[in-house]
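Report on the following structure.
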Amino acid sequence: MKIDKKEKVFENYNPIKKILKEKTSRRDFLKWIGFSTASVTLAACKGPVIKSIPYVVKPDNITPGVPNYYASTMIDSFDIGSILVKTREGRPIKIEPNSSSKYFSTTSARIQSSLLSLYDEERLKGPFLKGKKSSWKEIDNYVIKHLKYLSKTKKDIIFLSYSFPSFSTKKLIQNFKNKYPFTKSIIYDPISYSQVLNASEEIFGVRGFPIFDLKKSELIISFDADFLGDWSPENMAKSYVFNRTPKKNMMQHIQIESNMTITGANADIRLSKKPSDIKKMLFELFQVIFLGKKTKDKNIERIVLLMNKMGPKSVILADGDQESYELSFLINIKIKSLALQKNKFFLSKESNDNEFKNFLNNLEKKNIGCLFIHDVNPVYSLPISISEILKKNIKKIPLTVSFSTKKDETNEIVDVLAPIPHWLECWGDTNPVTNLYTLIQPTIQSIFNTRQFQDSLIIWGEMKEKNYYEYLKKTWERDIIPKSNVFSFNEALFHGFVETKNQKYVSNYFLRKKNDKIQKYKKKIIYKKDKNSNFELRLYTKISMGDGYHHNNPWLQELPDPITRTTWDNYLTISSIDANRMELKNWNSGDGALNANCVVMILLWNGVYLVIKT
């Protein structure tokens, strides 16, 4: 009987409920969720591998109290930055922008705080096989055995990764494909850039994000583009402030947006509109400029007058679907905007929604024999309806391997969990911009028993190189250094980036297809609108969270949003008039925090969103 009572007690015991009843501070909460750095900090006393090149001081001259700086590149599923890493006694302690780089020479809150993730005790400390701790030798034998068998079945070997514009890694995967011919790369970004890349490919013939330099612009009209936030792969604040000082030719900024953004907060004129109305305005502006049609919209009339006055010193920026991007690109070409850079594109984003959809279809058809997942968590980030199907189909794949820094929902269903080091412990390179290549170098030796996924591919592909560093160096000395502005790999490593000779794209691509593009938008765009729909939902990324890759980073969770000043929670912003009508309220709690009604957003089949107070 006593055993039965104990069983009942433990059966009903819920530690989470007990925690929620207690009065606690945020720091206590951080302890409960397990974000601790104590033992990792003690372990992180080793300097970087000897092959790293400090930005200022040689590696053998580490003096206590004197910092060393290493030029490197930070890249994850959402951010990229050309940076300097400040180290003391072999530990990275601060990230600074590499101001000598022309591009990505700013550091966002996410890039700065990614340093803390290096010391996270929740990082994976060793490999796992079938949910049990394993060794790298056992993992290698298991994977190679399965790959050799799968190569006979002629099923696809898929490498699923976020946008990773690494020149050497692409070469490495190509070499891996020589060994296993059915290897394919699929890009999956939690925050997809596919719409703008599709538009760029359609208009310019290049699958890259067009670069806008605002230094020569005197008029910006932004259609829901938060260009001081995360609209562009690179934050545009530097070129924006260049011509915003009070003077005769000071830049004018008109922001038309549906949600208050940091860009809208800096605008001279801000118009608040629904997303569908914003697209209507953009389309009307296109028809006035290209077809000479008249408009009844007084705001568009004023914008056209200003654009006629400013001419090429005007620039149109737009966000939304592929059509919105295409319209804005066409207008900029028509007015010969000085902001639009010719033959210059951001290549750091490679999203392709169509290829990812084909991948999901092939999963359903059981055409995939092996799936390598590189540091993405699609089981969590995809919509639940797709996620459940994906989860079910991944379990049926003969060989599944996840390269990750920490445990997540996707890792729970794979056969092999191959932990990778933090980016501050890695070698690597990127090609984020036309004619620009950057290097990644470790600033500390690996804290845990991790291995770069490139090293794993070299071993599993049975290549002649001993490790990825050797492969990286050979690739650069053969393919990049001879075309660049430096003379050696070490010199490139010292600077952190190199520039190569001009890579010119087909400049007359648009001219050849000009009539087709304009003809496409001659007819009026039909907007489907439901009479019962009063609301439109506008989703956006928070400056602190981005795509959520650093969701467990307390520095970012504690960072107040610059507009709403909130931390931690997800929230819905709505006008005070609508909130009063729906009896939605905010109120202050005793500890000074702001509480509010909980609302549920429901997406119906006809696109109507309902707000339900709970």
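Here's how to read the names in the structure tokens: chain A, B, ... by the order shown, residue numbers from 1 in each chain, ligand numbers from 1 in the order shown.
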Name the residues of region 435-480 of chain A that come out as strand (DSSP E or B) in a backbone DSSP run; write them as a PDB file with C-alpha atoms, in the first residue's frame.
ATOM      1  CA  LEU A 436      34.293  39.521 -51.636  1.00  0.00           C
ATOM      2  CA  TYR A 437      35.515  36.473 -49.713  1.00  0.00           C
ATOM      3  CA  THR A 438      35.946  36.236 -45.948  1.00  0.00           C
ATOM      4  CA  LEU A 439      37.690  33.777 -43.642  1.00  0.00           C
ATOM      5  CA  ILE A 440      36.641  32.222 -40.354  1.00  0.00           C
TER       6      ILE A 440
END
Using only C-alpha atoms, determine which residues lie at most 7 Å from region 251-253 of chain A, disregarding the query and same-chain residues fewer than 3 positions distant; provide the list as a list in words.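 The filter keeps Ser217, Glu218, Leu219, Ile220, Ile221, Asn243, Arg244, Ala267, Asp268 and Ile269 of chain A.
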Output file for the selection above: C-alpha atoms, as a PDB file, in the first residue's frame:
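Contents of part.pdb, freshly written:
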ATOM      1  CA  SER A 217      20.099  59.343 -52.294  1.00  0.00           C
ATOM      2  CA  GLU A 218      18.032  62.383 -51.353  1.00  0.00           C
ATOM      3  CA  LEU A 219      14.640  60.670 -51.334  1.00  0.00           C
ATOM      4  CA  ILE A 220      13.718  57.243 -49.927  1.00  0.00           C
ATOM      5  CA  ILE A 221      10.222  55.836 -50.318  1.00  0.00           C
ATOM      6  CA  ASN A 243      23.065  61.994 -45.811  1.00  0.00           C
ATOM      7  CA  ARG A 244      20.715  62.564 -42.855  1.00  0.00           C
ATOM      8  CA  ALA A 267      11.141  58.621 -41.088  1.00  0.00           C
ATOM      9  CA  ASP A 268      10.177  62.210 -41.908  1.00  0.00           C
ATOM     10  CA  ILE A 269       6.712  61.088 -42.976  1.00  0.00           C
TER      11      ILE A 269
END
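CA of Ile256 (chain A) to CA of Phe286 (chain A) spans 15.5 Å [interatomic distance, one decimal].
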Residue contacts of Tyr468 (chain A) (10 Å, only C-alpha atoms) excluding same-chain residues fewer than 3 positions away, as a PyMOL selection string: chain A and resi 168-169+172+426-428+452-459+465+471-474
Keeping all heavy atoms for every residue in the selection just given, could you write it to a file as a short mmCIF file (atom, residue, chain, number, x, y, z; two decimals), in the first residue's frame?
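So result-v4.cif came out as:
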data_model
loop_
_atom_site.label_atom_id
_atom_site.label_comp_id
_atom_site.auth_asym_id
_atom_site.auth_seq_id
_atom_site.Cartn_x
_atom_site.Cartn_y
_atom_site.Cartn_z
N SER A 168 34.66 27.11 -50.08
CA SER A 168 35.36 25.84 -49.87
C SER A 168 34.40 24.70 -49.54
O SER A 168 34.60 23.56 -49.98
CB SER A 168 36.41 25.98 -48.77
OG SER A 168 35.80 26.31 -47.53
N THR A 169 33.34 25.00 -48.78
CA THR A 169 32.38 23.95 -48.41
C THR A 169 31.61 23.47 -49.64
O THR A 169 31.32 22.28 -49.78
CB THR A 169 31.40 24.47 -47.35
OG1 THR A 169 32.14 24.89 -46.20
CG2 THR A 169 30.44 23.37 -46.92
N LEU A 172 33.85 21.20 -51.35
CA LEU A 172 33.95 19.97 -50.57
C LEU A 172 32.75 19.05 -50.83
O LEU A 172 32.91 17.84 -51.02
CB LEU A 172 34.04 20.31 -49.08
CG LEU A 172 34.21 19.16 -48.10
CD1 LEU A 172 35.49 18.39 -48.38
CD2 LEU A 172 34.20 19.66 -46.66
N CYS A 426 35.91 27.44 -34.98
CA CYS A 426 35.87 26.86 -36.33
C CYS A 426 36.81 27.52 -37.33
O CYS A 426 37.16 28.69 -37.20
CB CYS A 426 34.45 26.96 -36.89
SG CYS A 426 33.28 25.82 -36.15
N TRP A 427 37.14 26.73 -38.37
CA TRP A 427 37.73 27.23 -39.59
C TRP A 427 36.62 27.34 -40.63
O TRP A 427 35.63 26.62 -40.57
CB TRP A 427 38.82 26.30 -40.12
CG TRP A 427 40.10 26.34 -39.35
CD1 TRP A 427 40.53 25.43 -38.43
CD2 TRP A 427 41.12 27.33 -39.43
NE1 TRP A 427 41.75 25.80 -37.93
CE2 TRP A 427 42.14 26.97 -38.53
CE3 TRP A 427 41.27 28.51 -40.18
CZ2 TRP A 427 43.29 27.71 -38.35
CZ3 TRP A 427 42.42 29.26 -40.01
CH2 TRP A 427 43.42 28.87 -39.11
N GLY A 428 36.80 28.24 -41.60
CA GLY A 428 35.80 28.33 -42.65
C GLY A 428 35.99 29.56 -43.51
O GLY A 428 36.93 30.35 -43.35
N GLN A 452 33.96 19.66 -36.76
CA GLN A 452 33.29 20.38 -37.82
C GLN A 452 32.68 19.41 -38.83
O GLN A 452 33.27 18.36 -39.11
CB GLN A 452 34.27 21.32 -38.54
CG GLN A 452 34.63 22.55 -37.73
CD GLN A 452 35.38 23.59 -38.58
OE1 GLN A 452 36.48 23.96 -38.23
NE2 GLN A 452 34.77 24.05 -39.66
N PHE A 453 31.52 19.77 -39.39
CA PHE A 453 30.87 18.86 -40.33
C PHE A 453 31.72 18.69 -41.59
O PHE A 453 31.67 17.64 -42.24
CB PHE A 453 29.46 19.36 -40.65
CG PHE A 453 29.39 20.53 -41.58
CD1 PHE A 453 29.26 20.34 -42.95
CD2 PHE A 453 29.44 21.82 -41.10
CE1 PHE A 453 29.19 21.42 -43.81
CE2 PHE A 453 29.37 22.91 -41.95
CZ PHE A 453 29.25 22.71 -43.31
N GLN A 454 32.53 19.70 -41.93
CA GLN A 454 33.42 19.55 -43.09
C GLN A 454 34.45 18.45 -42.86
O GLN A 454 34.77 17.68 -43.77
CB GLN A 454 34.13 20.87 -43.39
CG GLN A 454 33.21 21.99 -43.88
CD GLN A 454 32.80 22.93 -42.77
OE1 GLN A 454 32.78 22.54 -41.60
NE2 GLN A 454 32.46 24.15 -43.10
N ASP A 455 34.96 18.35 -41.62
CA ASP A 455 35.90 17.28 -41.30
C ASP A 455 35.24 15.92 -41.41
O ASP A 455 35.85 14.95 -41.88
CB ASP A 455 36.46 17.47 -39.88
CG ASP A 455 37.52 18.56 -39.82
OD1 ASP A 455 38.42 18.53 -40.67
OD2 ASP A 455 37.44 19.42 -38.93
N SER A 456 33.97 15.86 -41.00
CA SER A 456 33.22 14.60 -41.10
C SER A 456 33.04 14.20 -42.56
O SER A 456 33.20 13.02 -42.92
CB SER A 456 31.86 14.73 -40.42
OG SER A 456 32.00 14.92 -39.03
N LEU A 457 32.73 15.15 -43.42
CA LEU A 457 32.54 14.85 -44.84
C LEU A 457 33.84 14.39 -45.48
O LEU A 457 33.84 13.51 -46.36
CB LEU A 457 32.00 16.08 -45.57
CG LEU A 457 30.58 16.54 -45.24
CD1 LEU A 457 30.16 17.70 -46.14
CD2 LEU A 457 29.58 15.40 -45.39
N ILE A 458 34.97 14.96 -45.05
CA ILE A 458 36.27 14.54 -45.58
C ILE A 458 36.55 13.08 -45.22
O ILE A 458 37.01 12.28 -46.05
CB ILE A 458 37.39 15.45 -45.05
CG1 ILE A 458 37.32 16.82 -45.74
CG2 ILE A 458 38.77 14.83 -45.27
CD1 ILE A 458 38.24 17.86 -45.16
N ILE A 459 36.21 12.70 -43.98
CA ILE A 459 36.43 11.33 -43.52
C ILE A 459 35.46 10.38 -44.21
O ILE A 459 35.86 9.33 -44.73
CB ILE A 459 36.28 11.24 -41.99
CG1 ILE A 459 37.40 12.03 -41.30
CG2 ILE A 459 36.29 9.79 -41.52
CD1 ILE A 459 37.20 12.22 -39.81
N GLU A 465 42.79 14.75 -48.18
CA GLU A 465 43.17 15.75 -47.17
C GLU A 465 42.98 15.19 -45.76
O GLU A 465 42.03 14.44 -45.50
CB GLU A 465 42.34 17.02 -47.33
CG GLU A 465 42.74 17.89 -48.51
CD GLU A 465 42.19 17.38 -49.83
OE1 GLU A 465 41.31 16.50 -49.78
OE2 GLU A 465 42.64 17.84 -50.88
N TYR A 471 42.26 21.42 -46.35
CA TYR A 471 41.43 21.55 -47.55
C TYR A 471 41.13 23.02 -47.84
O TYR A 471 41.23 23.47 -48.99
CB TYR A 471 40.12 20.77 -47.35
CG TYR A 471 39.24 20.72 -48.57
CD1 TYR A 471 39.32 19.64 -49.45
CD2 TYR A 471 38.35 21.74 -48.86
CE1 TYR A 471 38.52 19.59 -50.59
CE2 TYR A 471 37.56 21.70 -50.00
CZ TYR A 471 37.65 20.62 -50.85
OH TYR A 471 36.86 20.58 -51.97
N LEU A 472 40.79 23.77 -46.79
CA LEU A 472 40.48 25.20 -46.92
C LEU A 472 41.67 25.97 -47.47
O LEU A 472 41.55 26.77 -48.41
CB LEU A 472 40.06 25.76 -45.56
CG LEU A 472 39.88 27.27 -45.44
CD1 LEU A 472 38.64 27.72 -46.21
CD2 LEU A 472 39.77 27.69 -43.97
N LYS A 473 42.84 25.74 -46.90
CA LYS A 473 44.04 26.46 -47.31
C LYS A 473 44.41 26.16 -48.77
O LYS A 473 44.71 27.07 -49.55
CB LYS A 473 45.21 26.10 -46.38
CG LYS A 473 46.45 26.94 -46.62
CD LYS A 473 47.55 26.59 -45.62
CE LYS A 473 48.79 27.44 -45.88
NZ LYS A 473 49.89 27.10 -44.95
N LYS A 474 44.33 24.89 -49.15
CA LYS A 474 44.65 24.49 -50.53
C LYS A 474 43.68 25.14 -51.51
O LYS A 474 44.07 25.62 -52.58
CB LYS A 474 44.60 22.97 -50.66
CG LYS A 474 45.84 22.25 -50.15
CD LYS A 474 45.71 20.76 -50.42
CE LYS A 474 46.95 20.01 -49.93
NZ LYS A 474 46.84 18.54 -50.18
#
Taking only region 293-407 of chain A into account, list the residues labelled helix (DSSP H, G or I) by DSSP (computed from the backbone), as a PyMOL selection string. chain A and resi 298-313+322-334+353-364+378-381+384-394
Looking at A:Trp555, A:Glu201, A:Lys296, A:Ser151, which one is nearest to Asn178 (chain A), with distances taken over only C-alpha atoms?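 Answer, going by the shortest atom-to-atom distance: A:Ser151.
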His146 (chain A) surroundings by only C-alpha atoms, 12 Å radius, close-in-sequence under 6 positions cut, as a ChimeraX atom specification: /A:139-140,152-153,155,157,180,369-371,397-401,415-416,460
Neighbour list for region 380-396 of chain A as a PyMOL selection string, cut-off 7 Å, only C-alpha atoms, skip fewer than 5 positions in-chain: chain A and resi 190+363-364+409+413
Suppose we keep C-alpha atoms; can you now write the selection as a tab-separated table (two decimals), in the first residue's frame?
chain	number	residue	atom	x	y	z
A	190	PRO	CA	13.64	29.58	-41.07
A	363	LEU	CA	10.40	12.56	-48.63
A	364	GLU	CA	6.79	11.49	-49.10
A	409	GLU	CA	13.36	18.82	-31.71
A	413	ILE	CA	14.47	11.75	-34.34
